[in-house]
>>> print(open('my_file_8.pdb').read())   # PDB, C-alpha atoms
MODEL        1
ATOM      1  CA  MET E   1     100.714 211.543  95.510
ATOM      2  CA  THR E   2      97.237 210.093  95.044
ATOM      3  CA  SER E   3      94.215 212.244  94.447
ATOM      4  CA  PRO E   4      91.234 212.306  96.837
ATOM      5  CA  CYS E   5      89.133 210.578  94.139
ATOM      6  CA  ASP E   6      91.618 207.694  94.046
ATOM      7  CA  LEU E   7      91.547 207.404  97.833
ATOM      8  CA  VAL E   8      87.711 207.273  97.829
ATOM      9  CA  ALA E   9      87.764 204.568  95.138
ATOM     10  CA  GLU E  10      90.386 202.595  97.076
ATOM     11  CA  HIS E  11      88.403 202.787 100.356
ATOM     12  CA  LEU E  12      85.231 201.656  98.530
ATOM     13  CA  ALA E  13      87.042 198.758  96.850
ATOM     14  CA  LEU E  14      88.491 197.590 100.164
ATOM     15  CA  GLY E  15      85.220 198.065 102.046
ATOM     16  CA  GLU E  16      86.769 200.517 104.471
ATOM     17  CA  PRO E  17      84.949 203.544 105.889
ATOM     18  CA  LEU E  18      85.716 206.816 104.085
ATOM     19  CA  GLY E  19      86.391 208.875 107.172
ATOM     20  CA  ALA E  20      85.731 212.604 107.662
ATOM     21  CA  ASP E  21      88.020 213.705 104.791
ATOM     22  CA  GLY E  22      86.434 211.179 102.432
ATOM     23  CA  ASP E  23      82.889 212.201 103.367
ATOM     24  CA  ALA E  24      83.741 215.852 102.801
ATOM     25  CA  HIS E  25      85.240 215.043  99.391
ATOM     26  CA  VAL E  26      82.200 212.937  98.381
ATOM     27  CA  ALA E  27      79.916 215.860  99.284
ATOM     28  CA  ALA E  28      81.941 218.183  97.032
ATOM     29  CA  CYS E  29      82.814 215.810  94.102
ATOM     30  CA  LEU E  30      79.978 214.686  91.796
ATOM     31  CA  ALA E  31      81.969 211.731  90.315
ATOM     32  CA  CYS E  32      82.814 210.354  93.772
ATOM     33  CA  ALA E  33      79.209 210.799  94.910
ATOM     34  CA  ARG E  34      78.057 208.700  91.942
ATOM     35  CA  LEU E  35      80.732 206.113  92.699
ATOM     36  CA  VAL E  36      79.609 205.848  96.340
ATOM     37  CA  ARG E  37      75.979 205.333  95.191
ATOM     38  CA  MET E  38      76.974 202.606  92.677
ATOM     39  CA  PRO E  39      76.863 199.566  95.035
ATOM     40  CA  GLY E  40      73.373 200.547  96.192
ATOM     41  CA  LEU E  41      72.150 200.912  92.603
ATOM     42  CA  VAL E  42      73.578 197.540  91.649
ATOM     43  CA  ALA E  43      72.009 195.894  94.707
ATOM     44  CA  ALA E  44      68.632 197.473  93.945
ATOM     45  CA  ALA E  45      68.727 196.180  90.362
ATOM     46  CA  ALA E  46      69.385 192.579  91.429
ATOM     47  CA  ARG E  47      66.444 190.198  91.424
ATOM     48  CA  PRO E  48      66.310 186.780  93.055
ATOM     49  CA  ALA E  49      66.569 183.827  90.689
ATOM     50  CA  VAL E  50      63.355 181.900  90.100
ATOM     51  CA  VAL E  51      63.906 178.151  89.950
ATOM     52  CA  PRO E  52      61.357 176.441  87.688
ATOM     53  CA  PRO E  53      59.558 173.345  88.961
ATOM     54  CA  GLY E  54      61.340 170.080  88.182
ATOM     55  CA  PHE E  55      64.721 171.758  87.732
ATOM     56  CA  ALA E  56      66.445 169.724  90.461
ATOM     57  CA  ALA E  57      65.048 166.463  89.076
ATOM     58  CA  ARG E  58      66.271 167.262  85.546
ATOM     59  CA  ILE E  59      69.713 168.159  86.866
ATOM     60  CA  GLN E  60      69.950 164.895  88.818
ATOM     61  CA  VAL E  61      68.915 162.809  85.806
ATOM     62  CA  GLY E  62      71.455 164.595  83.609
ATOM     63  CA  ALA E  63      74.200 164.179  86.215
ATOM     64  CA  ARG E  64      73.501 160.462  86.563
ATOM     65  CA  ALA E  65      73.656 160.001  82.804
ATOM     66  CA  GLU E  66      76.937 161.945  82.662
ATOM     67  CA  LEU E  67      78.453 159.865  85.471
ATOM     68  CA  ALA E  68      77.405 156.623  83.756
ATOM     69  CA  ALA E  69      78.956 157.777  80.463
ATOM     70  CA  ARG E  70      82.193 158.739  82.217
ATOM     71  CA  ARG E  71      82.356 155.332  83.907
ATOM     72  CA  ARG E  72      81.821 153.535  80.581
ATOM     73  CA  ASN E  73      84.544 155.639  78.967
ATOM     74  CA  ARG E  74      86.923 155.002  81.864
ATOM     75  CA  VAL E  75      86.377 151.223  81.693
ATOM     76  CA  ALA E  76      86.833 151.194  77.907
ATOM     77  CA  THR E  77      90.006 153.302  78.140
ATOM     78  CA  MET E  78      91.514 151.066  80.807
ATOM     79  CA  ALA E  79      90.688 147.945  78.809
ATOM     80  CA  LEU E  80      92.271 149.447  75.685
ATOM     81  CA  ALA E  81      95.367 150.497  77.649
ATOM     82  CA  ALA E  82      95.736 147.021  79.187
ATOM     83  CA  ALA E  83      95.398 145.372  75.749
ATOM     84  CA  SER E  84      97.999 147.764  74.312
ATOM     85  CA  VAL E  85     100.458 147.036  77.111
ATOM     86  CA  ALA E  86      99.922 143.299  76.657
ATOM     87  CA  ALA E  87     100.497 143.571  72.891
ATOM     88  CA  VAL E  88     103.687 145.611  73.310
ATOM     89  CA  ALA E  89     104.994 143.252  75.997
ATOM     90  CA  THR E  90     104.251 140.211  73.821
ATOM     91  CA  PHE E  91     106.021 141.814  70.861
ATOM     92  CA  ALA E  92     109.041 142.792  72.962
ATOM     93  CA  ILE E  93     109.381 139.358  74.548
ATOM     94  CA  THR E  94     108.893 137.260  71.415
ATOM     95  CA  ARG E  95     110.938 139.410  69.016
ATOM     96  CA  GLN E  96     114.176 137.748  67.915
ATOM     97  CA  SER E  97     117.074 139.989  67.032
ATOM     98  CA  ASP E  98     119.053 138.866  63.937
ATOM     99  CA  ALA E  99     121.924 141.353  64.218
ATOM    100  CA  PRO E 100     123.501 142.584  67.411
ATOM    101  CA  HIS E 101     122.895 146.248  68.057
ATOM    102  CA  ALA E 102     125.775 148.354  69.203
ATOM    103  CA  GLY E 103     125.010 150.039  72.481
ATOM    104  CA  ALA E 104     126.639 152.978  74.157
ATOM    105  CA  MET E 105     128.426 150.768  76.719
ATOM    106  CA  ASP E 106     129.550 148.012  74.313
ATOM    107  CA  PRO E 107     133.247 149.058  74.204
ATOM    108  CA  TRP E 108     133.424 148.790  77.998
ATOM    109  CA  ALA E 109     131.147 145.783  78.350
ATOM    110  CA  ALA E 110     133.627 143.432  76.640
ATOM    111  CA  ARG E 111     135.676 141.260  78.945
ATOM    112  CA  GLN E 112     138.837 142.967  80.026
ATOM    113  CA  PRO E 113     141.835 141.042  81.293
ATOM    114  CA  VAL E 114     142.387 141.055  85.026
ATOM    115  CA  ALA E 115     145.124 143.486  85.964
ATOM    116  CA  SER E 116     148.292 141.806  87.070
ATOM    117  CA  HIS E 117     150.787 143.076  89.553
ATOM    118  CA  ASP E 118     153.364 143.501  86.811
ATOM    119  CA  PRO E 119     153.826 147.297  86.558
ATOM    120  CA  GLY E 120     155.644 147.043  83.236
ATOM    121  CA  ARG E 121     152.697 145.484  81.431
ATOM    122  CA  GLU E 122     150.079 147.863  79.959
ATOM    123  CA  LEU E 123     146.402 147.084  79.576
ATOM    124  CA  PRO E 124     145.006 147.083  76.034
ATOM    125  CA  ALA E 125     143.272 150.347  75.131
ATOM    126  CA  ALA E 126     139.497 150.219  74.942
ATOM    127  CA  PRO E 127     138.118 150.846  71.459
ATOM    128  CA  LYS E 128     136.720 154.350  70.957
ATOM    129  CA  PRO E 129     133.004 154.592  70.155
ATOM    130  CA  GLU E 130     132.131 155.810  66.668
ATOM    131  CA  PRO E 131     130.850 159.389  66.531
ATOM    132  CA  ARG E 132     127.234 160.037  65.549
ATOM    133  CA  LEU E 133     126.963 161.150  61.962
ATOM    134  CA  ASP E 134     123.508 162.717  62.155
ATOM    135  CA  HIS E 135     123.182 165.935  64.118
ATOM    136  CA  THR E 136     119.395 166.155  64.073
ATOM    137  CA  PRO E 137     117.960 166.315  67.593
ATOM    138  CA  ASP E 138     115.179 163.994  68.526
ATOM    139  CA  PRO E 139     111.734 165.579  69.168
ATOM    140  CA  LEU E 140     112.078 165.331  72.955
ATOM    141  CA  THR E 141     115.402 167.182  72.937
ATOM    142  CA  ALA E 142     114.014 169.855  70.618
ATOM    143  CA  ARG E 143     110.982 170.328  72.911
ATOM    144  CA  LEU E 144     113.194 170.578  76.017
ATOM    145  CA  VAL E 145     115.388 173.194  74.339
ATOM    146  CA  HIS E 146     112.249 175.139  73.346
ATOM    147  CA  VAL E 147     110.861 175.006  76.891
ATOM    148  CA  ALA E 148     114.236 176.039  78.337
ATOM    149  CA  ASP E 149     114.189 179.306  76.358
ATOM    150  CA  ILE E 150     113.415 181.694  79.238
ATOM    151  CA  ASP E 151     112.816 184.774  77.067
ATOM    152  CA  ASP E 152     110.208 182.965  74.991
ATOM    153  CA  ALA E 153     108.575 181.320  78.016
ATOM    154  CA  LEU E 154     108.180 184.603  79.917
ATOM    155  CA  ALA E 155     106.967 186.671  76.951
ATOM    156  CA  PRO E 156     103.378 187.914  77.378
ATOM    157  CA  SER E 157     101.012 185.972  75.188
ATOM    158  CA  ALA E 158      97.570 187.191  76.250
ATOM    159  CA  SER E 159      95.258 188.799  73.726
ATOM    160  CA  TRP E 160      94.022 191.880  75.590
ATOM    161  CA  THR E 161      91.191 192.518  73.159
ATOM    162  CA  ARG E 162      89.813 189.073  73.956
ATOM    163  CA  ILE E 163      90.261 189.685  77.691
ATOM    164  CA  GLU E 164      88.621 193.130  77.671
ATOM    165  CA  ALA E 165      85.675 192.179  75.424
ATOM    166  CA  PRO E 166      83.530 190.613  78.218
ATOM    167  CA  LEU E 167      84.120 193.736  80.362
ATOM    168  CA  ALA E 168      82.597 196.152  77.819
ATOM    169  CA  PRO E 169      79.052 196.058  79.329
ATOM    170  CA  TYR E 170      80.440 196.972  82.749
ATOM    171  CA  ARG E 171      82.454 199.847  81.293
ATOM    172  CA  HIS E 172      79.279 201.073  79.559
ATOM    173  CA  LEU E 173      77.414 200.907  82.873
ATOM    174  CA  LEU E 174      80.140 202.907  84.606
ATOM    175  CA  ASP E 175      80.132 205.491  81.804
ATOM    176  CA  ARG E 176      76.353 205.815  82.080
ATOM    177  CA  GLN E 177      76.606 206.373  85.831
ATOM    178  CA  GLY E 178      79.428 208.897  85.326
ATOM    179  CA  ALA E 179      81.882 206.987  87.536
ATOM    180  CA  HIS E 180      84.308 206.019  84.772
ATOM    181  CA  ARG E 181      86.900 208.625  83.742
TER     182      ARG E 181
ENDMDL
END
>>> encode(input="my_file_8.pdb", output="structure tokens")
Amino acid sequence: MTSPCDLVAEHLALGEPLGADGDAHVAACLACARLVRMPGLVAAAARPAVVPPGFAARIQVGARAELAARRRNRVATMALAAASVAAVATFAITRQSDAPHAGAMDPWAARQPVASHDPGRELPAAPKPEPRLDHTPDPLTARLVHVADIDDALAPSASWTRIEAPLAPYRHLLDRQGAHR
């Protein structure tokens, strides 16, 4: 069961009216009365931002310079990528292979005799591929196995001290107002 203080805090957070029971509790509870006054105190402390003269012009000049730099970087990156693709394609096309490389489908890619209608004659057996001697996984396989580890992927990894550090001034403000328990 929730306490009346929790109900008042929930109604304030949701922006709902407190109702007769909530108003009666706020009149009797000092902590809830302070909590109800908090939004008004925060609003009274806020001041409008003063924009200095020339601010918009400086922002526009900086944005234009940033956009020009991004465009130059994009053009240079695309040119470098195109040159790399051209170099790799040229290397792949002009490279001469001295020794044939055994592929995974080589035993089945060799010409096989056409089956005859003679049921007594057997087809020659296809040669078996040689087993791999090294059992080290390639980096992609190792990364996929690491990503597939559900327990490791779902483990919490947030540093709560780093998350709570920016909230310390607000906690201090709530403590000063007496609203924090």
>>> resolve_selection(input="my_file_8.pdb", expression="the PyMOL selection byres ((chain E and resi 35) around 12)", output="MDAnalysis selection string")
chainID E and resid 5:6 8:13 26:27 29:34 36:42 173:181
>>> axis_aligned_box(input="my_file_8.pdb", around="region 83-88 of chain E", padding_each_side="4 Å", output="JSON")
{"center_x": 99.5, "center_y": 145.5, "center_z": 75.0, "size_x": 16.3, "size_y": 12.5, "size_z": 12.2}
>>> atom_distance(input="my_file_8.pdb", atom1="CA of Leu7 (chain E)", atom2="CA of Ala165 (chain E)")
27.7 Å
>>> atom_distance(input="my_file_8.pdb", atom1="CA of Ala57 (chain E)", atom2="CA of Arg70 (chain E)")
20.0 Å
>>> atom_distance(input="my_file_8.pdb", atom1="CA of His25 (chain E)", atom2="CA of Pro4 (chain E)")
7.1 Å
